[in-house]
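File shown: data.cif. Contents: mmCIF, C-alpha atoms.
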```cif
data_work
loop_
_atom_site.label_atom_id
_atom_site.label_comp_id
_atom_site.auth_asym_id
_atom_site.auth_seq_id
_atom_site.Cartn_x
_atom_site.Cartn_y
_atom_site.Cartn_z
CA MET A 1 23.21 2.82 -9.50
CA SER A 2 21.14 5.99 -9.41
CA ILE A 3 17.36 5.73 -9.46
CA ARG A 4 15.81 8.39 -11.68
CA PHE A 5 12.31 9.15 -12.94
CA ASP A 6 13.05 11.64 -15.71
CA GLY A 7 10.17 11.81 -18.18
CA GLN A 8 7.86 9.91 -15.84
CA VAL A 9 4.64 11.06 -14.16
CA ALA A 10 3.63 10.10 -10.63
CA ILE A 11 0.42 10.48 -8.63
CA VAL A 12 0.81 10.46 -4.85
CA THR A 13 -2.37 10.49 -2.76
CA GLY A 14 -2.53 11.99 0.70
CA ALA A 15 0.56 13.97 -0.23
CA GLY A 16 -0.19 17.18 1.65
CA GLY A 17 1.84 16.11 4.67
CA GLY A 18 3.61 13.26 6.43
CA LEU A 19 4.63 10.27 4.37
CA GLY A 20 2.88 11.40 1.19
CA ARG A 21 4.65 14.74 1.20
CA GLN A 22 8.03 13.04 1.54
CA HIS A 23 7.20 10.58 -1.25
CA ALA A 24 6.17 13.44 -3.55
CA LEU A 25 9.27 15.48 -2.76
CA ALA A 26 11.58 12.53 -3.34
CA LEU A 27 10.01 11.52 -6.67
CA ALA A 28 10.12 15.11 -7.91
CA ALA A 29 13.75 15.48 -6.82
CA ARG A 30 14.58 12.44 -8.95
CA GLY A 31 12.95 13.88 -12.05
CA ALA A 32 9.29 12.85 -11.94
CA LYS A 33 6.42 15.20 -12.66
CA VAL A 34 4.17 14.78 -9.63
CA VAL A 35 0.45 15.12 -9.02
CA VAL A 36 0.23 16.06 -5.33
CA ASN A 37 -3.19 14.82 -4.29
CA ASP A 38 -4.65 15.75 -0.91
CA PHE A 39 -8.21 16.31 0.24
CA GLY A 40 -7.13 18.88 2.84
CA ARG A 41 -9.01 22.17 2.66
CA LEU A 42 -7.90 25.70 3.49
CA ALA A 43 -7.92 26.41 7.21
CA GLU A 44 -8.70 29.88 8.54
CA GLY A 45 -5.86 32.27 7.77
CA GLN A 46 -4.25 29.99 5.18
CA THR A 47 -3.75 30.99 1.55
CA LEU A 48 -2.62 27.58 0.23
CA THR A 49 -4.04 24.10 0.62
CA ALA A 50 -1.68 21.43 1.92
CA ALA A 51 -1.26 20.06 -1.61
CA GLU A 52 -0.52 23.51 -3.02
CA ALA A 53 2.10 24.10 -0.33
CA VAL A 54 3.89 20.89 -1.31
CA VAL A 55 3.76 21.90 -4.97
CA ARG A 56 5.42 25.20 -4.03
CA GLU A 57 8.19 23.24 -2.26
CA ILE A 58 8.75 21.07 -5.30
CA GLU A 59 8.82 24.03 -7.67
CA ALA A 60 11.19 25.95 -5.41
CA ALA A 61 13.58 23.00 -5.65
CA GLY A 62 13.38 23.05 -9.45
CA GLY A 63 10.82 20.27 -9.85
CA THR A 64 7.48 20.04 -11.63
CA ALA A 65 4.20 19.37 -9.83
CA VAL A 66 0.51 20.15 -9.76
CA ALA A 67 -1.95 20.07 -6.86
CA ASN A 68 -5.16 18.08 -6.86
CA GLY A 69 -7.83 18.15 -4.16
CA ALA A 70 -9.90 15.08 -5.07
CA SER A 71 -11.05 12.78 -2.31
CA VAL A 72 -9.90 9.26 -3.10
CA THR A 73 -13.36 8.07 -2.03
CA ASP A 74 -14.95 10.04 -4.89
CA GLU A 75 -14.69 7.82 -7.95
CA ALA A 76 -15.70 10.56 -10.39
CA ALA A 77 -13.21 13.04 -8.92
CA VAL A 78 -10.43 10.45 -9.09
CA ARG A 79 -11.19 9.73 -12.74
CA ALA A 80 -11.17 13.46 -13.43
CA MET A 81 -7.74 13.70 -11.76
CA VAL A 82 -6.40 10.96 -14.03
CA GLU A 83 -7.95 12.54 -17.13
CA GLU A 84 -6.46 15.94 -16.26
CA THR A 85 -3.06 14.34 -15.71
CA MET A 86 -3.22 12.65 -19.09
CA GLN A 87 -4.24 15.89 -20.78
CA ARG A 88 -1.40 17.72 -19.07
CA TRP A 89 1.45 15.21 -19.34
CA GLY A 90 0.24 12.35 -21.55
CA ARG A 91 1.17 9.43 -19.32
CA ILE A 92 1.07 8.06 -15.77
CA ASP A 93 3.92 5.81 -14.71
CA ILE A 94 3.61 5.73 -10.93
CA LEU A 95 0.76 5.62 -8.43
CA VAL A 96 1.44 5.74 -4.69
CA ASN A 97 -1.75 4.99 -2.76
CA ASN A 98 -0.93 6.73 0.50
CA ALA A 99 -4.12 8.52 1.59
CA GLY A 100 -5.57 7.32 4.87
CA ILE A 101 -7.34 8.12 8.14
CA LEU A 102 -7.62 6.65 11.63
CA ARG A 103 -10.73 6.02 13.69
CA ASP A 104 -9.30 3.95 16.55
CA LYS A 105 -11.51 2.20 19.09
CA THR A 106 -11.90 -1.32 20.37
CA PHE A 107 -14.26 -3.37 18.24
CA ALA A 108 -16.78 -3.57 21.09
CA LYS A 109 -17.04 0.22 21.23
CA MET A 110 -16.70 0.99 17.54
CA ASP A 111 -19.49 2.56 15.53
CA LEU A 112 -19.81 0.60 12.28
CA ALA A 113 -19.94 3.89 10.41
CA ASP A 114 -16.31 4.43 11.46
CA PHE A 115 -15.46 0.91 10.30
CA ARG A 116 -16.95 1.60 6.88
CA LEU A 117 -15.29 5.01 6.61
CA VAL A 118 -11.81 3.60 7.21
CA LEU A 119 -12.42 0.83 4.67
CA ASP A 120 -13.75 3.40 2.20
CA VAL A 121 -10.69 5.65 2.45
CA HIS A 122 -7.91 3.06 2.65
CA LEU A 123 -9.27 0.19 0.57
CA MET A 124 -11.78 1.72 -1.82
CA GLY A 125 -9.66 4.86 -2.15
CA ALA A 126 -6.78 2.72 -3.42
CA VAL A 127 -9.19 0.73 -5.60
CA ASN A 128 -10.62 3.92 -7.14
CA CYS A 129 -7.20 5.35 -7.94
CA THR A 130 -5.74 2.08 -9.21
CA HIS A 131 -8.78 1.30 -11.36
CA ALA A 132 -8.55 4.76 -12.93
CA VAL A 133 -4.85 4.44 -13.88
CA TRP A 134 -4.96 0.74 -14.80
CA PRO A 135 -6.01 1.18 -18.47
CA VAL A 136 -3.41 3.93 -18.91
CA MET A 137 -0.62 1.70 -17.60
CA ARG A 138 -1.83 -1.28 -19.62
CA ALA A 139 -1.86 0.78 -22.81
CA GLN A 140 1.68 2.08 -22.26
CA LYS A 141 2.89 -1.37 -21.09
CA TYR A 142 4.44 0.11 -17.98
CA GLY A 143 3.31 0.97 -14.48
CA ARG A 144 4.44 0.97 -10.88
CA ILE A 145 1.84 0.93 -8.09
CA VAL A 146 2.37 0.98 -4.33
CA MET A 147 -0.33 0.13 -1.80
CA THR A 148 0.28 1.39 1.73
CA THR A 149 -0.40 -1.51 4.08
CA SER A 150 0.48 -1.64 7.78
CA SER A 151 1.78 -3.89 10.52
CA SER A 152 -1.68 -3.42 12.02
CA GLY A 153 -3.07 -5.41 9.12
CA LEU A 154 -0.20 -7.87 8.81
CA TYR A 155 0.05 -8.66 12.53
CA GLY A 156 -2.83 -6.92 14.31
CA ASN A 157 -2.94 -3.95 16.68
CA PHE A 158 -5.26 -3.38 19.63
CA GLY A 159 -8.03 -0.90 18.84
CA GLN A 160 -7.48 -0.95 15.08
CA SER A 161 -9.80 -3.64 13.72
CA ASN A 162 -11.11 -1.27 11.02
CA TYR A 163 -7.66 -0.02 10.02
CA GLY A 164 -6.13 -3.50 10.17
CA ALA A 165 -8.89 -5.00 8.05
CA ALA A 166 -8.46 -2.31 5.40
CA LYS A 167 -4.69 -2.60 5.38
CA MET A 168 -4.67 -6.38 5.04
CA ALA A 169 -7.24 -6.11 2.25
CA LEU A 170 -4.71 -4.01 0.33
CA VAL A 171 -2.24 -6.89 0.50
CA GLY A 172 -4.82 -9.17 -1.11
CA LEU A 173 -5.48 -6.54 -3.77
CA MET A 174 -1.76 -6.25 -4.45
CA GLN A 175 -1.29 -10.03 -4.74
CA THR A 176 -3.86 -10.36 -7.52
CA LEU A 177 -3.09 -7.12 -9.37
CA ALA A 178 0.59 -8.07 -9.53
CA LEU A 179 -0.41 -11.30 -11.28
CA GLU A 180 -2.87 -9.59 -13.63
CA GLY A 181 -0.53 -6.71 -14.45
CA ALA A 182 2.60 -8.74 -15.15
CA LYS A 183 1.94 -9.23 -18.86
CA ASP A 184 1.57 -5.47 -19.30
CA GLY A 185 4.70 -4.44 -17.42
CA ILE A 186 2.78 -3.31 -14.32
CA ARG A 187 4.41 -4.09 -11.00
CA VAL A 188 2.44 -3.78 -7.79
CA ASN A 189 3.90 -3.79 -4.29
CA CYS A 190 2.99 -2.95 -0.69
CA LEU A 191 4.75 -0.66 1.77
CA ALA A 192 4.21 -1.13 5.50
CA PRO A 193 5.56 2.10 7.06
CA THR A 194 6.26 3.05 10.64
CA ALA A 195 6.43 6.83 10.82
CA ALA A 196 5.52 9.83 12.90
CA THR A 197 2.73 11.59 11.00
CA ARG A 198 -0.49 13.44 11.75
CA MET A 199 -2.15 10.07 12.16
CA THR A 200 0.32 8.80 14.80
CA GLU A 201 0.71 11.89 16.96
CA GLY A 202 -0.07 11.01 20.54
CA LEU A 203 0.29 7.27 19.94
CA MET A 204 4.03 7.09 20.69
CA PRO A 205 6.42 8.86 23.10
CA PRO A 206 8.42 11.85 21.74
CA GLU A 207 11.78 10.06 21.82
CA VAL A 208 10.37 7.29 19.61
CA LEU A 209 8.62 9.69 17.24
CA ALA A 210 11.93 11.51 16.72
CA ARG A 211 13.39 8.32 15.23
CA LEU A 212 10.40 7.73 13.01
CA ALA A 213 10.69 10.62 10.57
CA PRO A 214 8.64 10.03 7.39
CA GLU A 215 11.73 10.62 5.25
CA ALA A 216 13.23 7.44 6.75
CA VAL A 217 10.50 5.43 4.99
CA THR A 218 10.51 7.07 1.56
CA PRO A 219 13.65 5.33 0.16
CA GLY A 220 11.57 2.16 0.16
CA VAL A 221 8.91 3.80 -2.01
CA VAL A 222 11.56 5.14 -4.39
CA TYR A 223 12.77 1.59 -4.98
CA LEU A 224 9.29 0.05 -5.22
CA VAL A 225 8.32 2.42 -8.06
CA SER A 226 11.63 2.25 -9.92
CA ALA A 227 12.22 0.53 -13.25
CA ASP A 228 13.96 -2.35 -11.44
CA ALA A 229 11.26 -2.73 -8.79
CA PRO A 230 10.14 -6.18 -7.67
CA THR A 231 6.48 -7.15 -7.80
CA ARG A 232 4.24 -8.70 -5.10
CA ALA A 233 6.64 -7.56 -2.38
CA ILE A 234 5.63 -6.38 1.09
CA LEU A 235 8.36 -3.99 2.20
CA CYS A 236 8.34 -2.83 5.82
CA ALA A 237 10.12 0.43 6.62
CA GLY A 238 10.72 2.66 9.62
CA ALA A 239 13.51 4.62 11.30
CA GLY A 240 15.79 3.83 8.35
CA THR A 241 15.34 0.07 8.81
CA PHE A 242 13.82 -2.05 6.05
CA GLU A 243 12.37 -5.55 6.37
CA ARG A 244 10.44 -7.92 4.11
CA ALA A 245 7.18 -9.53 5.14
CA HIS A 246 5.86 -12.74 3.57
CA ILE A 247 2.62 -14.66 3.63
CA THR A 248 3.78 -18.25 3.84
CA MET A 249 2.29 -21.75 3.90
CA THR A 250 3.59 -24.72 5.86
CA GLN A 251 4.00 -28.14 4.25
CA GLY A 252 0.98 -29.38 6.19
CA VAL A 253 -0.21 -32.85 7.15
CA HIS A 254 -2.72 -35.08 5.38
CA ILE A 255 -5.32 -36.29 7.87
CA GLY A 256 -8.21 -37.29 5.66
CA THR A 257 -11.92 -37.15 6.37
CA GLY A 258 -12.42 -39.93 8.90
CA PRO A 259 -14.78 -39.62 11.87
CA ASP A 260 -11.92 -38.49 14.12
CA ALA A 261 -10.47 -35.96 11.62
CA ALA A 262 -11.24 -32.97 13.88
CA GLU A 263 -9.56 -34.69 16.82
CA GLN A 264 -6.54 -35.49 14.62
CA VAL A 265 -6.28 -31.82 13.62
CA ALA A 266 -6.21 -30.95 17.32
CA VAL A 267 -3.65 -33.62 18.20
CA ARG A 268 -1.39 -32.85 15.25
CA PHE A 269 -1.77 -29.07 15.21
CA ALA A 270 1.88 -28.50 16.18
CA GLU A 271 2.92 -30.74 13.28
CA ILE A 272 0.58 -28.87 10.93
CA SER A 273 2.17 -25.61 12.13
CA GLU A 274 5.78 -26.78 11.66
CA ARG A 275 7.50 -24.04 9.66
CA SER A 276 10.50 -25.88 8.30
CA GLY A 277 10.04 -26.16 4.57
CA GLU A 278 7.32 -23.51 4.45
CA THR A 279 6.83 -21.78 1.10
CA VAL A 280 5.75 -18.42 -0.30
CA PRO A 281 3.06 -19.51 -2.78
CA ASP A 282 3.18 -18.08 -6.30
CA SER A 283 -0.62 -17.78 -6.31
CA GLY A 284 -3.68 -18.93 -4.40
CA SER A 285 -3.82 -22.15 -6.42
CA ALA A 286 -0.69 -23.38 -4.62
CA GLN A 287 -2.75 -24.23 -1.55
CA GLY A 288 -5.09 -26.54 -3.43
CA THR A 289 -2.22 -28.08 -5.37
CA ASN A 290 -0.41 -28.95 -2.14
CA GLU A 291 -3.56 -30.32 -0.51
CA VAL A 292 -4.50 -32.55 -3.42
CA ALA A 293 -0.92 -33.81 -3.82
CA ARG A 294 -0.75 -34.80 -0.18
CA ALA A 295 -4.15 -36.44 -0.35
CA LEU A 296 -3.09 -38.52 -3.36
CA ARG A 297 0.13 -39.54 -1.62
CA GLY A 298 -1.87 -40.42 1.48
CA ALA A 299 -4.17 -42.60 -0.58
#
```
Using structure tokens, write down the structure from this file.
Amino acid sequence: MSIRFDGQVAIVTGAGGGLGRQHALALAARGAKVVVNDFGRLAEGQTLTAAEAVVREIEAAGGTAVANGASVTDEAAVRAMVEETMQRWGRIDILVNNAGILRDKTFAKMDLADFRLVLDVHLMGAVNCTHAVWPVMRAQKYGRIVMTTSSSGLYGNFGQSNYGAAKMALVGLMQTLALEGAKDGIRVNCLAPTAATRMTEGLMPPEVLARLAPEAVTPGVVYLVSADAPTRAILCAGAGTFERAHITMTQGVHIGTGPDAAEQVAVRFAEISERSGETVPDSGSAQGTNEVARALRGA
């Protein structure tokens, strides 16, 4: 099986370097026309923006791409990017929400402005881009969207409360959009990458960073935006290793509402936490269904 994107159009945000650059290069190499979005500006002495440099790479390899400098936090600029893409190529099949920043500090020392900024870029940036392409994908009855989540959101990471909150929020966004998009052929997934990028420099020793090349993550994105992609999947990727993360629910225990209910929760917490027979709910309603069923059986 060979995954190809001939005739398809992809938008990759934060694609001027690191993971985004590798995603853009890989999609273009497999036939997609790519919008290389990056907010990076020209530094002193440079003649090309980061996005323009990636476009040059793609074109040199025989691919087709265009640079776009919109900030994902600018709703109007994002909508303009989508409109320009439609005018140029007439469709949008793939959106990879990759743009992000770090503002690491412990919660006690964090300025709330930095908390809001990280949420604005990671969460609202993905919301802005997804909301702009959603009607296009619905109309063409096809779409593939990837949210970039993180182990920091899934499992926590010291000093990254802002980043972790934003990244876990993207999982919640993915869960609902996958349900809402199913009837229109839109599949939505999450990627949790571990990679050495501009954002992770200085956070890991050199020998570890050498293993964590961004290109070792990108095969996961290629699959998640393919015609045969799953939906509502959380794919973890790093150093050429791929794992699957799940949000599960245990079978639980019916305790009732008696005067000692809180004490019973405490006493039976290990039983409540027992993971044998745990499930991956199809939707949020599964929790209530399980709770009511157990209550009725208990009665």
Taking all atoms listed in the file into account, name the residue in A:Arg30, A:Asn37, A:Gln160, A:Gly18 that is nearest to Thr194 in chain A.
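Checking each of A:Arg30, A:Asn37, A:Gln160, A:Gly18 against Thr194 in chain A, counting all atoms listed in the file, the winner is A:Gly18.
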Would you list the contacts of Gln175 in chain A as a ChimeraX atom specification, taking every protein, DNA or RNA residue within 8 Å and counting only C-alpha atoms, but skipping same-chain residues closer than 5 positions in sequence?
/A:188,232,283
For this file, the PyMOL selection byres ((chain A and resi 174) around 8) selects which residues, as an mmCIF file with C-alpha atoms, in the frame of the given file?
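Done, and the output landed in part32.cif:
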```
data_model
loop_
_atom_site.group_PDB
_atom_site.id
_atom_site.type_symbol
_atom_site.label_atom_id
_atom_site.label_comp_id
_atom_site.auth_asym_id
_atom_site.auth_seq_id
_atom_site.Cartn_x
_atom_site.Cartn_y
_atom_site.Cartn_z
ATOM 1 C CA MET A 147 -0.330 0.130 -1.800
ATOM 2 C CA LEU A 170 -4.710 -4.010 0.330
ATOM 3 C CA VAL A 171 -2.240 -6.890 0.500
ATOM 4 C CA GLY A 172 -4.820 -9.170 -1.110
ATOM 5 C CA LEU A 173 -5.480 -6.540 -3.770
ATOM 6 C CA GLN A 175 -1.290 -10.030 -4.740
ATOM 7 C CA THR A 176 -3.860 -10.360 -7.520
ATOM 8 C CA LEU A 177 -3.090 -7.120 -9.370
ATOM 9 C CA ALA A 178 0.590 -8.070 -9.530
ATOM 10 C CA VAL A 188 2.440 -3.780 -7.790
ATOM 11 C CA ASN A 189 3.900 -3.790 -4.290
ATOM 12 C CA CYS A 190 2.990 -2.950 -0.690
ATOM 13 C CA ARG A 232 4.240 -8.700 -5.100
#
```
Expressed in Å, the length from CA of Val54 in chain A to CA of Ala169 in chain A is 29.4 Å
Which residue gives the smallest distance to Ser161 in chain A among A:Val78, A:Val118, A:Val12, A:Ala210, with all atoms listed in the file counted?
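Among the listed residues, the smallest separation from Ser161 in chain A belongs to A:Val118.
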Gap from CA of Gly100 in chain A to CA of Thr148 in chain A - Å, one decimal
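Atom-to-atom, CA of Gly100 in chain A to CA of Thr148 in chain A, that is 8.9 Å.
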Will you give me range 110-233 of chain A, written with C-alpha atoms and laid out as a CSV table (one decimal), in the first residue's frame?
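Result file is decode_0.csv:
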```
chain,number,residue,atom,x,y,z
A,110,MET,CA,3.4,32.1,35.9
A,111,ASP,CA,2.0,35.3,34.6
A,112,LEU,CA,-1.6,34.7,33.5
A,113,ALA,CA,-0.9,36.6,30.3
A,114,ASP,CA,1.5,33.7,29.4
A,115,PHE,CA,-1.2,31.2,30.2
A,116,ARG,CA,-3.7,33.0,27.9
A,117,LEU,CA,-1.2,33.4,25.1
A,118,VAL,CA,-0.4,29.6,25.1
A,119,LEU,CA,-4.1,28.8,25.1
A,120,ASP,CA,-4.7,31.4,22.3
A,121,VAL,CA,-2.0,29.9,20.0
A,122,HIS,CA,-2.5,26.2,20.6
A,123,LEU,CA,-6.2,25.9,21.3
A,124,MET,CA,-7.8,29.0,19.6
A,125,GLY,CA,-5.3,28.8,16.8
A,126,ALA,CA,-6.5,25.3,16.0
A,127,VAL,CA,-10.1,26.4,16.5
A,128,ASN,CA,-9.7,29.3,14.1
A,129,CYS,CA,-8.1,27.2,11.3
A,130,THR,CA,-10.6,24.3,11.8
A,131,HIS,CA,-13.6,26.5,11.8
A,132,ALA,CA,-12.4,28.2,8.6
A,133,VAL,CA,-12.0,24.9,6.7
A,134,TRP,CA,-15.0,23.1,8.2
A,135,PRO,CA,-17.6,24.4,5.7
A,136,VAL,CA,-15.3,23.6,2.8
A,137,MET,CA,-14.8,20.0,4.0
A,138,ARG,CA,-18.5,19.6,4.7
A,139,ALA,CA,-19.4,20.8,1.2
A,140,GLN,CA,-16.9,18.4,-0.5
A,141,LYS,CA,-17.9,15.6,1.9
A,142,TYR,CA,-14.2,14.9,2.7
A,143,GLY,CA,-11.7,16.2,5.1
A,144,ARG,CA,-8.8,15.1,7.3
A,145,ILE,CA,-7.8,17.2,10.3
A,146,VAL,CA,-5.0,16.6,12.8
A,147,MET,CA,-4.7,18.4,16.1
A,148,THR,CA,-1.3,18.4,17.7
A,149,THR,CA,-1.7,17.4,21.4
A,150,SER,CA,1.1,16.4,23.8
A,151,SER,CA,2.0,14.0,26.5
A,152,SER,CA,2.1,17.2,28.7
A,153,GLY,CA,-1.6,17.4,28.3
A,154,LEU,CA,-2.4,13.7,28.4
A,155,TYR,CA,-0.2,12.9,31.4
A,156,GLY,CA,1.1,16.2,32.8
A,157,ASN,CA,4.6,17.8,32.8
A,158,PHE,CA,6.1,20.0,35.5
A,159,GLY,CA,6.2,23.6,34.6
A,160,GLN,CA,3.7,23.3,31.7
A,161,SER,CA,0.3,23.9,33.1
A,162,ASN,CA,-0.6,26.4,30.3
A,163,TYR,CA,0.8,24.1,27.6
A,164,GLY,CA,-0.8,21.0,29.1
A,165,ALA,CA,-4.2,22.6,29.5
A,166,ALA,CA,-4.2,23.8,25.9
A,167,LYS,CA,-3.0,20.4,24.6
A,168,MET,CA,-5.6,18.4,26.5
A,169,ALA,CA,-8.3,20.8,25.3
A,170,LEU,CA,-7.4,19.9,21.8
A,171,VAL,CA,-8.2,16.2,22.6
A,172,GLY,CA,-11.7,17.3,23.7
A,173,LEU,CA,-12.1,19.3,20.5
A,174,MET,CA,-11.1,16.4,18.5
A,175,GLN,CA,-13.5,14.0,20.2
A,176,THR,CA,-16.5,16.1,19.4
A,177,LEU,CA,-15.5,17.2,15.9
A,178,ALA,CA,-14.9,13.6,14.9
A,179,LEU,CA,-18.5,12.8,15.9
A,180,GLU,CA,-19.9,15.9,14.2
A,181,GLY,CA,-17.8,15.4,11.0
A,182,ALA,CA,-18.5,11.7,10.5
A,183,LYS,CA,-21.6,12.2,8.4
A,184,ASP,CA,-19.7,14.5,6.0
A,185,GLY,CA,-16.6,12.3,5.6
A,186,ILE,CA,-14.5,14.4,7.9
A,187,ARG,CA,-12.1,12.5,10.1
A,188,VAL,CA,-10.3,14.2,13.0
A,189,ASN,CA,-7.4,12.8,15.0
A,190,CYS,CA,-4.7,13.9,17.4
A,191,LEU,CA,-1.0,13.5,17.2
A,192,ALA,CA,1.1,13.6,20.4
A,193,PRO,CA,4.7,14.1,19.1
A,194,THR,CA,8.1,13.8,20.9
A,195,ALA,CA,10.6,15.6,18.8
A,196,ALA,CA,13.6,17.9,18.9
A,197,THR,CA,12.4,21.3,17.6
A,198,ARG,CA,13.0,25.0,18.3
A,199,MET,CA,10.5,24.6,21.2
A,200,THR,CA,12.4,21.7,22.9
A,201,GLU,CA,16.0,22.9,22.5
A,202,GLY,CA,17.7,23.0,25.9
A,203,LEU,CA,15.0,20.8,27.5
A,204,MET,CA,16.8,17.5,26.7
A,205,PRO,CA,20.4,16.3,26.5
A,206,PRO,CA,22.0,16.2,23.0
A,207,GLU,CA,22.2,12.4,22.8
A,208,VAL,CA,18.4,12.2,23.3
A,209,LEU,CA,17.6,15.0,20.9
A,210,ALA,CA,19.6,13.2,18.2
A,211,ARG,CA,17.1,10.3,18.4
A,212,LEU,CA,14.1,12.7,18.3
A,213,ALA,CA,14.3,14.0,14.8
A,214,PRO,CA,11.0,15.6,13.6
A,215,GLU,CA,11.0,13.3,10.5
A,216,ALA,CA,10.6,10.3,12.9
A,217,VAL,CA,7.1,11.7,13.8
A,218,THR,CA,5.8,12.6,10.4
A,219,PRO,CA,4.9,9.1,9.2
A,220,GLY,CA,2.1,9.2,11.8
A,221,VAL,CA,0.7,12.4,10.3
A,222,VAL,CA,0.9,10.9,6.8
A,223,TYR,CA,-1.4,8.1,8.0
A,224,LEU,CA,-3.7,10.3,10.0
A,225,VAL,CA,-4.5,12.4,7.0
A,226,SER,CA,-4.8,9.6,4.5
A,227,ALA,CA,-7.9,8.3,2.8
A,228,ASP,CA,-7.9,5.3,5.1
A,229,ALA,CA,-7.2,7.3,8.3
A,230,PRO,CA,-9.0,6.4,11.5
A,231,THR,CA,-11.0,9.0,13.4
A,232,ARG,CA,-10.9,10.0,17.1
A,233,ALA,CA,-7.5,8.4,17.5
```
